[in-house]
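Q: What follows is a structure written as structure tokens; I'll ask about it next.
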Amino acid sequence: MRLFSSPRFEEHTTPPGHPERPERARVFNELASRWSARGLIVAEPRAATREELARVHDAAYLDAIASTAGRAVMLDPDTFTSPESYEIALLAAGAAVQAAEHALEAREAAFALVRPPGHHAERDRAMGFCLFNNVAVAAAAAVARGLSRVAVVDIDVHHGNGTQWMFYSDPRVLYVSTHQFPFYPGTGAADETGTGPGKGFTLNLPLAAGATDAIYDAAYQTIETRLDEYAPQLLLVSAGYDAHDDDPLASMRVSTAGYAAIVARLKRVADRHCPIALVTEGGYDLDALGACLEATVALF
């Protein structure tokens with residue numbers, strides 16, 4: 001596995017008490033240091049290009065986020081920038097693209113350890129702590145390379161509304177999500193399955209609060225079957241670990257071992273079909289986040 005990470009992800013600063021805090025990046029850094037010492041390559045991310053971002057975000061939105069450079073701005077009640085955030089968000093999206101590129105070119109798993117997260121960011125607005133939709137930028141880059149079957153599996157406890165809507169009518173990207181429902185952001189009902197040519201290429205498995213490892217395992221058996229039918233050329237994972245029992249923002253009961261089992265099942269799908277790249281999303285208990293990341297990397 002190749003890791004893409006940088007201490008610079010600490011530079012995106014949120015207000016005191018905000019759950020998406022710079023200490024999360026320190027967890028990434030500690031993980032990268034440990035695995036670097038064991039022989040894994042940790043690569044510095046590059047900034048995403050305007051062309052890469054514009055495949056999934058509107059030009060006016062890109063201009064608006066660029067205008068926050070050097071400033072602290074509240075974009076919505078949950079989403080903030082600090083003076084460095086624009087530059088760091090470019091690195092987060094760029095790292096996701098690099099992870100996908102590395103997976104495709106080296107046929108080796110890759111993991112982008114980034115913040116801010118991305119899956120709530122829509123074409124024309126920031127929300128849910130997210131500025132650019134990192135995994136969507138990576139998926140669109142893969143499609144631009146000529147791939148026609150890219151799967152995005154979102155294991156975050158929140159539904160990835162931004163990723164879903166960006167590809168809702170596009171059969172070249174299969175979007176799959178498990179998430180607490182009803183819950184923020186309110187999307188992700190089972191009947192949201194795509195539109196037009198994309199009908200049937202969105203699969204939502206909404207789960208009630210309190211879902212355990214066993215419930216998640218059953219959901220991912222269904223997902224494994226759908227992925228095998230789709231036979232992806234690239235598997236991207238929106239790797240949010242906030243369904244963990246210790247996470248403060250949600251009400252799920254997934255253990256560290258349960259998260260490892262989810263990733264192991266997705267790895268088996270990738271072993272049968274395609275390269276795999278993961279991109280961090282949520283996960284707000286620092287100990288649980290570190291344990292789940294460690295368990296994930298150890299699988300590869």
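Residues in the structure tokens are numbered from 1 in each chain, the chains being A, B, ... in the order shown, and ligands are numbered from 1 in the order shown.
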Excluding segment 214-218 of chain A and its own-chain neighbours fewer than 4 positions away, which residues fall within 9 Å of it when counting only C-alpha atoms? Please give them as a VMD selection string.
A: chain A and resid 178 207 222 to 223 254 258 to 259 261 to 262 265
Q: Could you pull out all residues of segment 22-171 of chain A with a DSSP call of strand (DSSP E or B) and give them as a list in words?
A: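 For segment 22-171 of chain A, the strand (DSSP E or B) set is Val42, Ala43, Val73, Met74, Leu75, Asp76, Thr79, Phe80, Thr81, Ala110, Phe111, Ala112, Met127, Cys130, Val150, Ala151, Val152, Val153 and Asp154 of chain A.
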Q: Go ahead and save the residues from that selection, with N, CA, C and O atoms, as a compact mmCIF listing (two decimals), in the first residue's frame.
A:
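Contents of out-v5.txt, as written:
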```txt
# COMPACT_ATOMS: atom_id res chain seq x y z
N VAL A 42 5.38 6.78 2.07
CA VAL A 42 4.43 7.85 2.34
C VAL A 42 4.78 9.00 1.40
O VAL A 42 5.85 9.59 1.50
N ALA A 43 3.86 9.31 0.50
CA ALA A 43 4.12 10.33 -0.52
C ALA A 43 3.44 11.64 -0.15
O ALA A 43 2.34 11.66 0.40
N VAL A 73 -13.49 32.18 7.34
CA VAL A 73 -14.84 32.41 6.84
C VAL A 73 -15.75 31.29 7.33
O VAL A 73 -15.35 30.12 7.34
N MET A 74 -16.98 31.63 7.71
CA MET A 74 -18.00 30.62 7.99
C MET A 74 -18.80 30.40 6.71
O MET A 74 -19.49 31.30 6.24
N LEU A 75 -18.70 29.22 6.14
CA LEU A 75 -19.38 28.91 4.89
C LEU A 75 -20.80 28.41 5.12
O LEU A 75 -21.68 28.61 4.29
N ASP A 76 -21.00 27.69 6.21
CA ASP A 76 -22.34 27.34 6.68
C ASP A 76 -22.20 27.10 8.19
O ASP A 76 -21.10 27.25 8.73
N THR A 79 -19.32 24.58 8.69
CA THR A 79 -18.18 24.51 7.79
C THR A 79 -17.45 25.83 7.76
O THR A 79 -18.05 26.87 7.46
N PHE A 80 -16.15 25.78 8.06
CA PHE A 80 -15.35 26.98 8.25
C PHE A 80 -14.03 26.88 7.48
O PHE A 80 -13.53 25.79 7.24
N THR A 81 -13.49 28.04 7.15
CA THR A 81 -12.12 28.10 6.64
C THR A 81 -11.27 28.90 7.62
O THR A 81 -11.77 29.76 8.34
N ALA A 110 -3.89 2.13 -2.35
CA ALA A 110 -3.42 3.45 -1.92
C ALA A 110 -4.42 4.04 -0.94
O ALA A 110 -5.62 3.73 -1.00
N PHE A 111 -3.92 4.90 -0.05
CA PHE A 111 -4.78 5.50 0.98
C PHE A 111 -4.37 6.95 1.13
O PHE A 111 -3.23 7.26 1.46
N ALA A 112 -5.32 7.86 0.87
CA ALA A 112 -5.12 9.29 1.07
C ALA A 112 -5.63 9.67 2.45
O ALA A 112 -6.84 9.59 2.72
N MET A 127 -20.52 22.08 2.68
CA MET A 127 -21.37 21.72 3.81
C MET A 127 -20.75 20.55 4.56
O MET A 127 -19.87 19.87 4.04
N CYS A 130 -17.01 20.02 4.74
CA CYS A 130 -16.33 19.68 3.48
C CYS A 130 -16.25 20.89 2.54
O CYS A 130 -17.24 21.61 2.36
N VAL A 150 -16.43 2.90 -12.42
CA VAL A 150 -15.76 3.29 -11.18
C VAL A 150 -16.78 3.15 -10.05
O VAL A 150 -17.88 3.70 -10.14
N ALA A 151 -16.44 2.42 -9.02
CA ALA A 151 -17.32 2.27 -7.86
C ALA A 151 -16.80 3.12 -6.71
O ALA A 151 -15.60 3.12 -6.42
N VAL A 152 -17.71 3.85 -6.06
CA VAL A 152 -17.40 4.58 -4.83
C VAL A 152 -18.26 3.98 -3.72
O VAL A 152 -19.49 4.03 -3.79
N VAL A 153 -17.60 3.42 -2.72
CA VAL A 153 -18.32 2.86 -1.57
C VAL A 153 -18.06 3.75 -0.36
O VAL A 153 -16.91 3.95 0.03
N ASP A 154 -19.12 4.28 0.21
CA ASP A 154 -19.04 5.26 1.29
C ASP A 154 -19.40 4.56 2.60
O ASP A 154 -20.56 4.22 2.84
```
Q: So which one's closest to Gln233 of chain A, A:Ala93, A:Ala270, A:Val297, A:Met1? Using only C-alpha atoms, please.
A: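 The closest residue to Gln233 of chain A is A:Ala270.
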Q: Would you please give, as a PyMOL selection string, all residues of segment 20-248 of chain A that DSSP assigns to alpha helix (DSSP H) based on the backbone?
A: chain A and resi 23-37+50-54+59-66+85-106+134-144+161-166+213-230
Q: Measure the distance from atom CA of Leu131 of chain A to atom CA of Asp287 of chain A in Å and round it to one decimal.
A: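 Calculated distance between atom CA of Leu131 of chain A and atom CA of Asp287 of chain A is 25.0 Å.
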Q: Which residue is closest to Glu51 of chain A? Choose from A:Leu249, A:Ala264, A:Val137, A:Val173 and count only C-alpha atoms.
A: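 Between A:Leu249, A:Ala264, A:Val137, A:Val173, the residue approaching Glu51 of chain A most closely is A:Val137.
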Q: With distances taken over only C-alpha atoms, which residue among A:Gly128, A:Gly186, A:Gly283, A:Pro171 lies nearest Leu147 of chain A?
A: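 Nearest to Leu147 of chain A: A:Pro171.
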Q: Name the closest residue to Ala190 of chain A among the candidates A:His159, A:Ile65, A:Ala209, A:Ala106; distances are taken between atoms, counting only C-alpha atoms.
A: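 With only C-alpha atoms as the atom set, the closest residue is A:His159.
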Q: Rounded to one decimal, what separation in Å do you get between atom CA of Glu108 of chain A and atom CA of Ala277 of chain A?
A: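 That distance, rounded to one decimal, is 8.6 Å.
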Q: State, in Å with one decimal place, the distance from atom CA of Glu10 of chain A to atom CA of Gln164 of chain A.
A: 27.9 Å
